[in-house]
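Colleague: Next up, entry-v1.cif (mmCIF, C-alpha atoms).
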```cif
data_entry
loop_
_atom_site.label_atom_id
_atom_site.label_comp_id
_atom_site.auth_asym_id
_atom_site.auth_seq_id
_atom_site.Cartn_x
_atom_site.Cartn_y
_atom_site.Cartn_z
CA LEU W 8 0.00 0.00 0.00
CA ILE W 9 1.33 3.40 -0.96
CA PRO W 10 0.81 5.89 1.89
CA THR W 11 -1.97 8.38 1.19
CA LEU W 12 -1.82 11.94 2.52
CA TYR W 13 -5.12 13.75 3.08
CA TYR W 14 -4.54 17.46 2.77
CA ALA W 15 -6.13 20.78 1.92
CA PRO W 16 -4.25 23.69 0.36
CA GLY W 17 -3.18 26.40 2.77
CA THR W 18 -3.08 24.06 5.77
CA ILE W 19 -0.35 22.57 7.91
CA ALA W 20 -0.54 19.42 5.77
CA LEU W 21 2.01 21.13 3.53
CA ALA W 22 4.76 20.35 6.06
CA THR W 23 4.22 16.60 5.82
CA HIS W 24 3.81 16.84 2.05
CA ILE W 25 7.20 18.50 1.75
CA ALA W 26 8.79 15.92 4.06
CA LEU W 27 7.42 13.09 1.90
CA ALA W 28 8.91 14.75 -1.16
CA GLU W 29 12.24 15.35 0.63
CA ALA W 30 12.35 11.67 1.60
CA GLN W 31 11.64 10.65 -2.00
CA ALA W 32 8.83 8.57 -0.55
CA GLU W 33 6.10 7.07 -2.63
CA TYR W 34 2.82 8.74 -1.74
CA ARG W 35 -0.65 9.45 -2.99
CA LEU W 36 -2.57 12.65 -2.32
CA VAL W 37 -6.24 13.15 -1.51
CA ARG W 38 -7.36 16.76 -1.51
CA LEU W 39 -10.19 17.87 0.76
CA ASP W 40 -12.31 20.88 -0.09
CA PHE W 41 -12.59 22.95 3.07
CA ALA W 42 -15.01 25.32 1.32
CA LYS W 43 -17.40 22.35 1.20
CA THR W 44 -16.33 21.36 4.77
CA GLU W 45 -15.37 17.94 3.47
CA GLN W 46 -13.13 17.61 6.54
CA ARG W 47 -16.33 17.36 8.61
CA GLY W 48 -18.10 14.93 6.28
CA ALA W 49 -18.87 11.36 7.30
CA GLU W 50 -16.48 9.95 4.72
CA TYR W 51 -13.48 11.80 6.09
CA LEU W 52 -14.46 11.45 9.75
CA ALA W 53 -14.19 7.70 9.20
CA VAL W 54 -10.56 8.33 8.24
CA ASN W 55 -9.82 10.91 10.95
CA PRO W 56 -12.41 11.43 13.69
CA LYS W 57 -10.75 14.73 14.58
CA GLY W 58 -11.92 16.23 11.29
CA ARG W 59 -8.59 17.90 10.63
CA VAL W 60 -5.76 17.54 8.15
CA PRO W 61 -3.25 16.07 7.67
CA ALA W 62 -3.92 12.38 7.97
CA LEU W 63 -1.65 9.72 6.53
CA VAL W 64 -3.10 6.33 5.67
CA THR W 65 -0.44 3.64 5.96
CA ASP W 66 -0.58 -0.12 5.59
CA ARG W 67 -0.74 -0.39 9.39
CA GLY W 68 -3.37 2.26 9.98
CA ILE W 69 -4.01 5.96 10.04
CA LEU W 70 -1.68 8.53 11.55
CA THR W 71 -2.50 12.14 12.42
CA GLU W 72 -0.80 15.19 13.95
CA THR W 73 2.03 16.93 12.13
CA PRO W 74 4.85 16.21 14.63
CA ALA W 75 3.97 12.51 14.48
CA LEU W 76 3.74 12.41 10.69
CA LEU W 77 7.04 14.23 10.25
CA THR W 78 8.75 11.89 12.70
CA TYR W 79 7.23 8.89 10.94
CA VAL W 80 8.38 10.04 7.50
CA ALA W 81 11.89 10.60 8.82
CA GLN W 82 12.08 7.28 10.64
CA THR W 83 10.74 5.23 7.71
CA HIS W 84 13.13 6.90 5.24
CA PRO W 85 16.47 6.83 7.06
CA ALA W 86 18.48 7.44 3.90
CA ALA W 87 17.06 10.97 3.73
CA ARG W 88 18.52 11.72 7.19
CA LEU W 89 15.69 14.04 8.18
CA ALA W 90 16.11 13.50 11.95
CA PRO W 91 18.98 12.30 14.17
CA PHE W 92 17.33 9.32 15.87
CA GLU W 93 20.71 8.08 17.10
CA ASP W 94 21.25 11.22 19.23
CA ALA W 95 18.63 11.50 21.98
CA PHE W 96 19.46 15.11 22.83
CA ALA W 97 19.48 16.35 19.23
CA PHE W 98 16.27 14.44 18.52
CA ALA W 99 14.64 15.95 21.63
CA ARG W 100 15.56 19.44 20.42
CA ILE W 101 13.69 18.76 17.18
CA GLN W 102 10.74 17.38 19.13
CA ALA W 103 10.77 20.49 21.33
CA PHE W 104 10.75 22.79 18.33
CA MET W 105 7.89 20.89 16.72
CA ALA W 106 5.93 20.86 20.00
CA TYR W 107 6.34 24.63 20.26
CA LEU W 108 5.04 25.05 16.72
CA CYS W 109 1.99 22.85 17.26
CA SER W 110 1.03 23.94 20.77
CA THR W 111 1.89 27.64 20.69
CA VAL W 112 2.52 29.02 17.17
CA HIS W 113 -0.22 27.13 15.33
CA VAL W 114 -2.60 27.90 18.21
CA ALA W 115 -1.69 31.60 18.09
CA HIS W 116 -2.48 31.50 14.38
CA ALA W 117 -5.76 29.62 14.84
CA HIS W 118 -7.19 32.47 16.90
CA LEU W 119 -7.19 34.60 13.73
CA ARG W 120 -9.94 32.67 11.94
CA ARG W 121 -10.88 29.75 14.19
CA GLY W 122 -11.81 31.66 17.33
CA ALA W 123 -15.18 29.90 17.35
CA ARG W 124 -13.33 26.92 18.76
CA TRP W 125 -12.91 28.76 22.07
CA ALA W 126 -15.73 31.32 22.34
CA ASP W 127 -19.20 31.92 20.95
CA SER W 128 -19.91 35.63 20.64
CA GLU W 129 -18.90 37.69 17.65
CA ALA W 130 -17.31 40.20 20.00
CA ALA W 131 -14.99 37.68 21.63
CA ILE W 132 -14.10 36.04 18.32
CA SER W 133 -13.29 39.43 16.79
CA GLU W 134 -11.17 40.32 19.76
CA MET W 135 -9.13 37.13 19.45
CA ALA W 136 -8.63 37.79 15.74
CA ALA W 137 -7.43 41.31 16.48
CA ARG W 138 -4.91 40.01 19.02
CA ALA W 139 -3.60 37.14 16.86
CA PRO W 140 -0.99 39.15 14.90
CA ALA W 141 0.68 40.33 18.13
CA ASN W 142 0.85 36.75 19.38
CA MET W 143 2.29 35.52 16.10
CA ASP W 144 4.86 38.30 16.26
CA GLU W 145 5.85 37.27 19.79
CA CYS W 146 6.30 33.67 18.62
CA PHE W 147 8.39 34.60 15.60
CA ARG W 148 10.56 36.97 17.62
CA LEU W 149 11.36 34.04 19.92
CA ILE W 150 12.02 31.74 16.97
CA GLU W 151 14.28 34.38 15.41
CA ALA W 152 16.20 35.11 18.63
CA GLU W 153 16.41 31.71 20.31
CA MET W 154 15.48 28.80 18.08
CA LEU W 155 16.40 29.12 14.41
CA GLN W 156 20.11 28.33 14.29
CA GLY W 157 20.62 28.83 10.56
CA PRO W 158 20.82 28.13 7.79
CA TRP W 159 18.37 25.39 8.86
CA VAL W 160 16.40 25.29 12.07
CA MET W 161 18.81 22.86 13.69
CA GLY W 162 21.95 24.31 12.12
CA GLU W 163 23.95 22.72 9.33
CA HIS W 164 21.58 19.79 8.81
CA TYR W 165 18.20 20.05 7.18
CA THR W 166 15.56 18.23 9.26
CA ILE W 167 11.81 17.75 9.56
CA ALA W 168 11.74 20.97 11.61
CA ASP W 169 12.36 22.94 8.43
CA PRO W 170 9.21 22.25 6.40
CA TYR W 171 7.19 22.77 9.59
CA LEU W 172 8.64 26.24 10.20
CA PHE W 173 8.39 27.07 6.49
CA THR W 174 4.67 26.29 6.45
CA LEU W 175 3.83 28.40 9.50
CA ALA W 176 6.06 31.29 8.38
CA GLY W 177 4.10 31.29 5.14
CA TRP W 178 1.03 32.26 7.14
CA LEU W 179 2.50 35.49 8.53
CA GLU W 180 1.07 37.50 5.67
CA ARG W 181 -2.45 36.45 6.68
CA HIS W 182 -1.73 38.41 9.86
CA GLY W 183 -0.49 41.42 7.92
CA ILE W 184 3.06 40.69 9.04
CA ASP W 185 5.97 41.09 6.63
CA ILE W 186 8.28 38.09 7.07
CA ALA W 187 11.23 40.47 6.51
CA ARG W 188 10.69 41.59 10.12
CA TYR W 189 12.57 38.38 11.06
CA PRO W 190 15.77 38.26 8.98
CA LYS W 191 16.73 34.66 9.77
CA VAL W 192 13.20 33.35 9.27
CA SER W 193 13.04 35.29 6.02
CA GLU W 194 16.35 33.85 4.78
CA HIS W 195 15.19 30.37 5.80
CA HIS W 196 12.07 30.88 3.70
CA VAL W 197 14.15 31.77 0.66
CA PHE W 198 16.38 28.72 1.15
CA MET W 199 13.31 26.52 1.42
CA LEU W 200 11.74 27.87 -1.76
CA ALA W 201 14.90 26.88 -3.64
CA ARG W 202 14.56 23.21 -2.70
CA PRO W 203 13.12 20.92 -5.38
CA ALA W 204 11.00 19.04 -2.83
CA VAL W 205 9.36 22.26 -1.66
CA ARG W 206 8.64 23.34 -5.23
CA ARG W 207 7.24 19.92 -6.02
CA ALA W 208 4.88 19.94 -3.02
CA LEU W 209 3.67 23.47 -3.75
CA GLU W 210 3.04 22.56 -7.38
CA GLU W 211 1.21 19.36 -6.46
CA GLN W 212 -1.06 21.45 -4.22
CA GLY W 213 -1.70 23.90 -7.05
CA GLN W 214 0.13 26.75 -5.35
CA ALA W 215 2.66 28.94 -7.09
CA ALA W 216 6.14 27.85 -6.01
CA LEU K 19 25.63 16.28 35.80
CA ILE K 20 22.36 14.97 37.18
CA PRO K 21 19.42 16.25 35.09
CA THR K 22 17.41 18.96 36.84
CA LEU K 23 13.68 19.32 36.31
CA TYR K 24 12.15 22.76 36.81
CA TYR K 25 8.52 22.36 37.80
CA ALA K 26 5.62 23.92 39.65
CA PRO K 27 2.89 21.92 41.39
CA GLY K 28 -0.33 21.58 39.45
CA THR K 29 1.35 21.98 36.08
CA ILE K 30 2.09 19.70 33.15
CA ALA K 31 5.60 19.22 34.56
CA LEU K 32 4.11 16.35 36.57
CA ALA K 33 4.08 14.18 33.44
CA THR K 34 7.85 14.42 32.97
CA HIS K 35 8.41 14.03 36.70
CA ILE K 36 6.48 10.74 36.68
CA ALA K 37 8.38 9.55 33.60
CA LEU K 38 11.72 10.24 35.32
CA ALA K 39 10.54 8.23 38.30
CA GLU K 40 9.26 5.41 36.08
CA ALA K 41 12.64 5.29 34.32
CA GLN K 42 14.42 5.14 37.68
CA ALA K 43 16.46 8.07 36.41
CA GLU K 44 18.61 10.19 38.62
CA TYR K 45 17.14 13.67 38.77
CA ARG K 46 17.06 16.83 40.83
CA LEU K 47 14.01 19.05 41.24
CA VAL K 48 13.75 22.82 41.30
CA ARG K 49 10.36 24.15 42.32
CA LEU K 50 9.12 27.46 40.92
CA ASP K 51 6.57 29.51 42.81
CA PHE K 52 3.96 30.59 40.29
CA ALA K 53 2.25 32.72 42.96
CA LYS K 54 5.41 34.84 42.90
CA THR K 55 5.57 34.52 39.07
CA GLU K 56 9.05 33.09 39.39
CA GLN K 57 8.53 31.55 35.93
CA ARG K 58 8.72 35.09 34.54
CA GLY K 59 11.73 36.17 36.58
CA ALA K 60 15.08 36.93 35.01
CA GLU K 61 16.72 33.93 36.69
CA TYR K 62 14.32 31.43 35.18
CA LEU K 63 14.03 33.16 31.81
CA ALA K 64 17.78 32.55 31.47
CA VAL K 65 16.97 28.84 31.79
CA ASN K 66 13.85 28.86 29.62
CA PRO K 67 13.07 32.01 27.61
CA LYS K 68 9.50 30.77 27.13
CA GLY K 69 8.81 31.30 30.85
CA ARG K 70 6.97 28.02 31.18
CA VAL K 71 7.52 24.71 32.90
CA PRO K 72 8.77 22.06 32.56
CA ALA K 73 12.39 22.57 31.62
CA LEU K 74 15.03 19.87 31.97
CA VAL K 75 18.66 20.91 32.33
CA THR K 76 20.94 18.20 30.96
CA ASP K 77 24.69 18.04 30.53
CA ARG K 78 24.22 19.00 26.87
CA GLY K 79 21.81 21.84 27.40
CA ILE K 80 18.23 22.71 28.27
CA LEU K 81 15.20 20.92 26.92
CA THR K 82 11.60 22.13 27.03
CA GLU K 83 8.14 20.98 25.89
CA THR K 84 6.52 17.94 27.44
CA PRO K 85 6.42 15.70 24.33
CA ALA K 86 10.16 16.29 23.85
CA LEU K 87 11.02 15.68 27.50
CA LEU K 88 8.98 12.50 27.65
CA THR K 89 10.60 11.20 24.46
CA TYR K 90 14.04 12.13 25.81
CA VAL K 91 13.48 10.33 29.12
CA ALA K 92 12.30 7.23 27.28
CA GLN K 93 15.16 7.24 24.79
CA THR K 94 17.88 7.78 27.40
CA HIS K 95 16.49 5.02 29.65
CA PRO K 96 15.85 2.16 27.23
CA ALA K 97 15.68 -0.45 29.99
CA ALA K 98 12.42 1.12 31.19
CA ARG K 99 10.84 0.48 27.77
CA LEU K 100 8.69 3.59 27.88
CA ALA K 101 8.42 3.99 24.07
CA PRO K 102 8.84 1.58 21.13
CA PHE K 103 11.59 3.38 19.18
CA GLU K 104 12.20 0.28 17.07
CA ASP K 105 8.67 0.39 15.60
CA ALA K 106 8.11 3.55 13.55
CA PHE K 107 4.34 3.14 13.37
CA ALA K 108 3.85 2.43 17.08
CA PHE K 109 6.19 5.29 17.96
CA ALA K 110 4.27 7.62 15.64
CA ARG K 111 1.01 6.69 17.38
CA ILE K 112 2.51 7.77 20.69
CA GLN K 113 3.77 10.98 19.11
CA ALA K 114 0.31 11.61 17.67
CA PHE K 115 -1.34 11.13 21.04
CA MET K 116 1.13 13.47 22.74
CA ALA K 117 0.71 16.07 19.98
CA TYR K 118 -3.06 15.96 20.46
CA LEU K 119 -2.63 16.49 24.19
CA CYS K 120 -0.26 19.43 23.81
CA SER K 121 -1.91 21.20 20.87
CA THR K 122 -5.60 20.56 21.59
CA VAL K 123 -6.32 19.29 25.11
CA HIS K 124 -3.83 21.43 27.01
CA VAL K 125 -4.90 24.42 24.89
CA ALA K 126 -8.58 23.73 25.63
CA HIS K 127 -7.67 23.70 29.31
CA ALA K 128 -5.59 26.89 29.11
CA HIS K 129 -8.61 28.89 28.04
CA LEU K 130 -10.06 28.35 31.53
CA ARG K 131 -7.55 30.53 33.37
CA ARG K 132 -5.06 31.75 30.77
CA GLY K 133 -7.44 33.45 28.36
CA ALA K 134 -5.37 36.63 28.64
CA ARG K 135 -2.94 34.95 26.26
CA TRP K 136 -5.43 35.36 23.42
CA ALA K 137 -7.68 38.32 24.27
CA ASP K 138 -7.62 41.45 26.41
CA SER K 139 -11.11 42.29 27.65
CA GLU K 140 -12.63 40.78 30.78
CA ALA K 141 -15.71 39.89 28.75
CA ALA K 142 -13.81 37.83 26.18
CA ILE K 143 -11.65 36.15 28.82
CA SER K 144 -14.74 35.24 30.85
CA GLU K 145 -16.43 33.87 27.79
CA MET K 146 -13.45 31.61 26.99
CA ALA K 147 -13.41 30.37 30.58
CA ALA K 148 -17.12 29.57 30.39
CA ARG K 149 -16.61 27.59 27.18
CA ALA K 150 -13.54 25.66 28.37
CA PRO K 151 -15.38 22.81 30.15
CA ALA K 152 -17.34 21.96 27.00
CA ASN K 153 -14.12 21.85 24.99
CA MET K 154 -12.42 19.65 27.59
CA ASP K 155 -15.43 17.35 27.51
CA GLU K 156 -15.22 17.09 23.73
CA CYS K 157 -11.53 16.19 23.99
CA PHE K 158 -12.07 13.55 26.64
CA ARG K 159 -15.01 12.02 24.81
CA LEU K 160 -12.68 11.56 21.82
CA ILE K 161 -9.92 10.13 24.01
CA GLU K 162 -12.43 7.76 25.62
CA ALA K 163 -13.97 6.63 22.32
CA GLU K 164 -11.02 6.58 19.94
CA MET K 165 -7.64 6.83 21.63
CA LEU K 166 -7.31 5.16 25.02
CA GLN K 167 -6.93 1.47 24.23
CA GLY K 168 -6.75 0.22 27.81
CA PRO K 169 -5.50 -0.63 30.25
CA TRP K 170 -2.81 1.80 29.14
CA VAL K 171 -3.12 4.43 26.44
CA MET K 172 -1.32 2.29 23.88
CA GLY K 173 -2.76 -1.04 25.07
CA GLU K 174 -0.86 -3.67 27.00
CA HIS K 175 2.33 -1.66 27.34
CA TYR K 176 2.76 1.31 29.63
CA THR K 177 4.40 4.20 27.77
CA ILE K 178 5.19 7.92 28.11
CA ALA K 179 1.66 8.60 26.86
CA ASP K 180 0.29 7.43 30.22
CA PRO K 181 1.71 10.03 32.63
CA TYR K 182 0.78 12.71 30.09
CA LEU K 183 -2.87 11.64 29.97
CA PHE K 184 -2.93 11.13 33.74
CA THR K 185 -1.77 14.70 34.35
CA LEU K 186 -4.34 16.31 32.05
CA ALA K 187 -7.16 14.07 33.30
CA GLY K 188 -6.33 15.29 36.79
CA TRP K 189 -7.33 18.77 35.69
CA LEU K 190 -10.92 17.83 34.77
CA GLU K 191 -12.16 18.72 38.22
CA ARG K 192 -10.96 22.31 37.72
CA HIS K 193 -13.59 22.41 34.96
CA GLY K 194 -16.26 20.97 37.23
CA ILE K 195 -16.15 17.70 35.29
CA ASP K 196 -16.36 14.38 37.11
CA ILE K 197 -13.77 12.04 35.59
CA ALA K 198 -16.29 9.19 36.04
CA ARG K 199 -18.03 10.56 32.94
CA TYR K 200 -15.29 8.74 30.98
CA PRO K 201 -15.09 5.16 32.31
CA LYS K 202 -11.85 4.18 30.57
CA VAL K 203 -10.09 7.42 31.48
CA SER K 204 -11.32 6.99 35.04
CA GLU K 205 -10.03 3.42 35.26
CA HIS K 206 -6.71 4.55 33.77
CA HIS K 207 -6.46 7.18 36.50
CA VAL K 208 -6.94 4.55 39.20
CA PHE K 209 -4.31 2.29 37.62
CA MET K 210 -1.90 5.22 37.50
CA LEU K 211 -2.43 6.14 41.14
CA ALA K 212 -1.42 2.61 42.10
CA ARG K 213 2.00 2.91 40.48
CA PRO K 214 4.92 3.59 42.83
CA ALA K 215 6.48 6.09 40.41
CA VAL K 216 3.28 8.13 40.32
CA ARG K 217 3.01 8.14 44.10
CA ARG K 218 6.65 9.13 44.41
CA ALA K 219 6.27 12.07 42.00
CA LEU K 220 3.10 13.30 43.70
CA GLU K 221 4.77 13.08 47.10
CA GLU K 222 7.89 14.88 45.90
CA GLN K 223 5.64 17.69 44.64
CA GLY K 224 3.89 17.85 48.00
CA GLN K 225 0.60 16.60 46.62
CA ALA K 226 -1.46 13.89 48.28
CA ALA K 227 -0.98 10.65 46.32
#
```
Could you render the structure as C-alpha cells?
Modeller:
Amino acid sequence: LIPTLYYAPGTIALATHIALAEAQAEYRLVRLDFAKTEQRGAEYLAVNPKGRVPALVTDRGILTETPALLTYVAQTHPAARLAPFEDAFAFARIQAFMAYLCSTVHVAHAHLRRGARWADSEAAISEMAARAPANMDECFRLIEAEMLQGPWVMGEHYTIADPYLFTLAGWLERHGIDIARYPKVSEHHVFMLARPAVRRALEEQGQAA
Amino acid sequence: LIPTLYYAPGTIALATHIALAEAQAEYRLVRLDFAKTEQRGAEYLAVNPKGRVPALVTDRGILTETPALLTYVAQTHPAARLAPFEDAFAFARIQAFMAYLCSTVHVAHAHLRRGARWADSEAAISEMAARAPANMDECFRLIEAEMLQGPWVMGEHYTIADPYLFTLAGWLERHGIDIARYPKVSEHHVFMLARPAVRRALEEQGQAA
C-alpha cells in the first residue's frame, strides 16, 4: 500500500507533504475541499475522527498530527537523514521545536480565523482575531532570537523541523506581518523555496512555487 | 551532571516528573513559585526564555516541551521500555497522542484561566473560561472513544503517553467535570495512582498521592 496523505491547500498538511517529497517517498494525495467542509463529512471522519488535516493512511493504519507524521516520514526513510534518531538530545531538540510550533505558534495563528473553537460571541471572536498578529509576532521573535540556528532550524543539517517552520512562516502575511521583520526566518524561507522538494509539493497542491 | 527538572505543582511538569521516576532516572528538582511569578523572573528566563515549565537541564543543554522531554526520558532510559523506538508506526502513534494532548487538550484547558494569552477584555476572557469545560469534555469524549486502548493508552504496554494523559485528566475537576463521565479514562487514572512512580512524583511535589 502506498501511503496516502489527506490534505487541503493552505493548511499545515504542507509540512508533511514537503517531508514526503524530501524523503523521496512514494505517496498518494487526496485533496479535501474545506469550502465544502469535506473535513467534517462522514467519509473523512471515518478516516480521521478529529476532522482535521493532515492524515496519513499507511498499511498499518491511520496517523495524524504533524509532529507525528514528520517523525514517521523521517524514521521510515532513514536514507534521507531528516532527523537524528541516534542522538537523543538532538532528537529531543527537534521534538521540542515541533511541540512549540503545534502547541503555541499554530494555536496563536488559529485564533485569527478559528476563534469559534474557544468562544461563541462575535465580539470575543473578533477580539481574538485582532490580538492574533501580536501573538504571532511574539512567537516569531522568539524563533528568530532563540530557536532558528541557521541556515536550517537545527543548524547545518536540514531536518523535519524545516518544512514545519516554512509552512507556519508562510502564514505570517495572513496576519499582515511582513516576514522580513525576522531576517533569519526570512532567509530560511528563501532557502526553502529553492529546494526541489518544496517546489514539487507546492506545485502538487496547485500553489505557485 | 544529574538532570534537573524545573517544575511547579499543578502543572504539566508532573508528566515528565512521573516519567523520570518510572525510568528510575537520577534527577534533581527545582520548584518554581507561580504565585510569585518566578517563571517570569530573570533567573528562570535565562533557563527557559519561554517562561513556562517544565524545563530539563541536561549536561548537553536545556530541553523544554513535554512531548520532547517524555521522548528524551524514554530514549535515554531504554531499559524502562517507555516507548517503542524500534517500531516507527507504534512510535508515531505515541507521538500523535502526545501532539493531540499538547496542541488541543492542554490548549482547551488553558482557556479556563489563561485566556489573557489570546484576548484582552474581561468579557472575552470570561467567555473563553465559560466555554472551556465543553471543549475539555469534547476532547475527553474523543480520548475515551477513539484513543485510550486500555488498560494503558497504547494497550498492554505502559508508555510515556500514560503520565501525560494522567496529568491532564487530573485537571478535569478544575472544569467541574467528574472524571467518572469517561469510564476508561477513570479506570486509567486509578491504575496510574497505584504505580509507585506516580506516588513518588506526587509526594515529591507535596501533593497527596
Colleague: Skipping near chain neighbours, those fewer than 3 positions away, what residues fall within 10 Å of W:Leu108 using all atoms listed in the file, listed as a PyMOL selection string?
Modeller: (chain W and resi 73-74+102-105+111-115+146+150+168+171-172+175) or (chain K and resi 121)
Colleague: Using the chain letters and numbers from the file, which residues does the PyMOL selection byres ((chain K) within 7 of (chain W)) grab, as a compact mmCIF listing (two decimals) with C-alpha atoms, in the coordinates of the input?
Modeller:
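As a result, part_12.txt now contains:
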```
# COMPACT_ATOMS: atom_id res chain seq x y z
CA LEU K 81 15.20 20.92 26.92
CA THR K 82 11.60 22.13 27.03
CA GLU K 83 8.14 20.98 25.89
CA PRO K 85 6.42 15.70 24.33
CA ALA K 86 10.16 16.29 23.85
CA LEU K 87 11.02 15.68 27.50
CA THR K 89 10.60 11.20 24.46
CA TYR K 90 14.04 12.13 25.81
CA GLN K 93 15.16 7.24 24.79
CA THR K 94 17.88 7.78 27.40
CA ALA K 106 8.11 3.55 13.55
CA PHE K 107 4.34 3.14 13.37
CA ALA K 110 4.27 7.62 15.64
CA ARG K 111 1.01 6.69 17.38
CA GLN K 113 3.77 10.98 19.11
CA ALA K 114 0.31 11.61 17.67
CA ALA K 117 0.71 16.07 19.98
CA TYR K 118 -3.06 15.96 20.46
CA CYS K 120 -0.26 19.43 23.81
CA SER K 121 -1.91 21.20 20.87
CA TRP K 136 -5.43 35.36 23.42
CA ALA K 137 -7.68 38.32 24.27
CA ALA K 142 -13.81 37.83 26.18
CA GLU K 145 -16.43 33.87 27.79
CA MET K 146 -13.45 31.61 26.99
CA ARG K 149 -16.61 27.59 27.18
```
Colleague: Measuring between all atoms listed in the file, which one of K:Ala212, K:Leu32, K:Val203, K:Ala37 shows the shortest distance to K:Pro169?
Modeller: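 Nearest to K:Pro169: K:Val203.
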Colleague: Quick one, how far is atom CA of K:Thr185 from atom CA of K:Tyr62?
Modeller: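 Those two atoms sit 23.2 Å apart.
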Colleague: Fewer than 5 positions away in the same chain doesn't count, so skip those; otherwise give me all residues within 9 Å of K:Pro151, counting all atoms listed in the file, as a ChimeraX atom specification.
Modeller: /K:126-127,130,156,190,192-195
Colleague: Residues picked by the PyMOL selection byres ((chain W and resi 27) around 12) here, as an MDAnalysis selection string?
Modeller: chainID W and resid 9:12 20:26 28:36 63 76:84 87 89 167 170 204:205 207:208
Colleague: Any chance you could work out the residue set of the PyMOL selection byres ((chain W and resi 60) around 7) here, as a VMD selection string?
Modeller: chain W and resid 13 to 14 20 59 61 to 62
Colleague: Do you have the atom CA of W:Arg206-atom CA of W:Met161 distance handy?
Modeller: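 One can read the atom CA of W:Arg206 to atom CA of W:Met161 distance as 21.5 Å.
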Colleague: Could you tell me how far atom CA of W:Leu200 lies from atom CA of W:Tyr165, in Å and to one decimal?
Modeller: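 Computing it gives 13.5 Å between the two atoms.
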Colleague: For W:Gly58, please output as a compact mmCIF listing (two decimals) with C-alpha atoms, keeping the file's coordinate frame all residues within 9 Å (counting all atoms listed in the file; exclusion window: fewer than 2 positions along the same chain).
Modeller:
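And here is the file that came out, result08.txt:
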```txt
# COMPACT_ATOMS: atom_id res chain seq x y z
CA GLU W 45 -15.37 17.94 3.47
CA GLN W 46 -13.13 17.61 6.54
CA ARG W 47 -16.33 17.36 8.61
CA GLY W 48 -18.10 14.93 6.28
CA TYR W 51 -13.48 11.80 6.09
CA LEU W 52 -14.46 11.45 9.75
CA VAL W 54 -10.56 8.33 8.24
CA ASN W 55 -9.82 10.91 10.95
CA PRO W 56 -12.41 11.43 13.69
CA VAL W 60 -5.76 17.54 8.15
```
Colleague: Kindly indicate which residue among K:Gln223, K:Tyr200, K:Val75, K:Trp170 lies nearest to K:Asp51, using only C-alpha atoms for the distances.
Modeller: K:Gln223
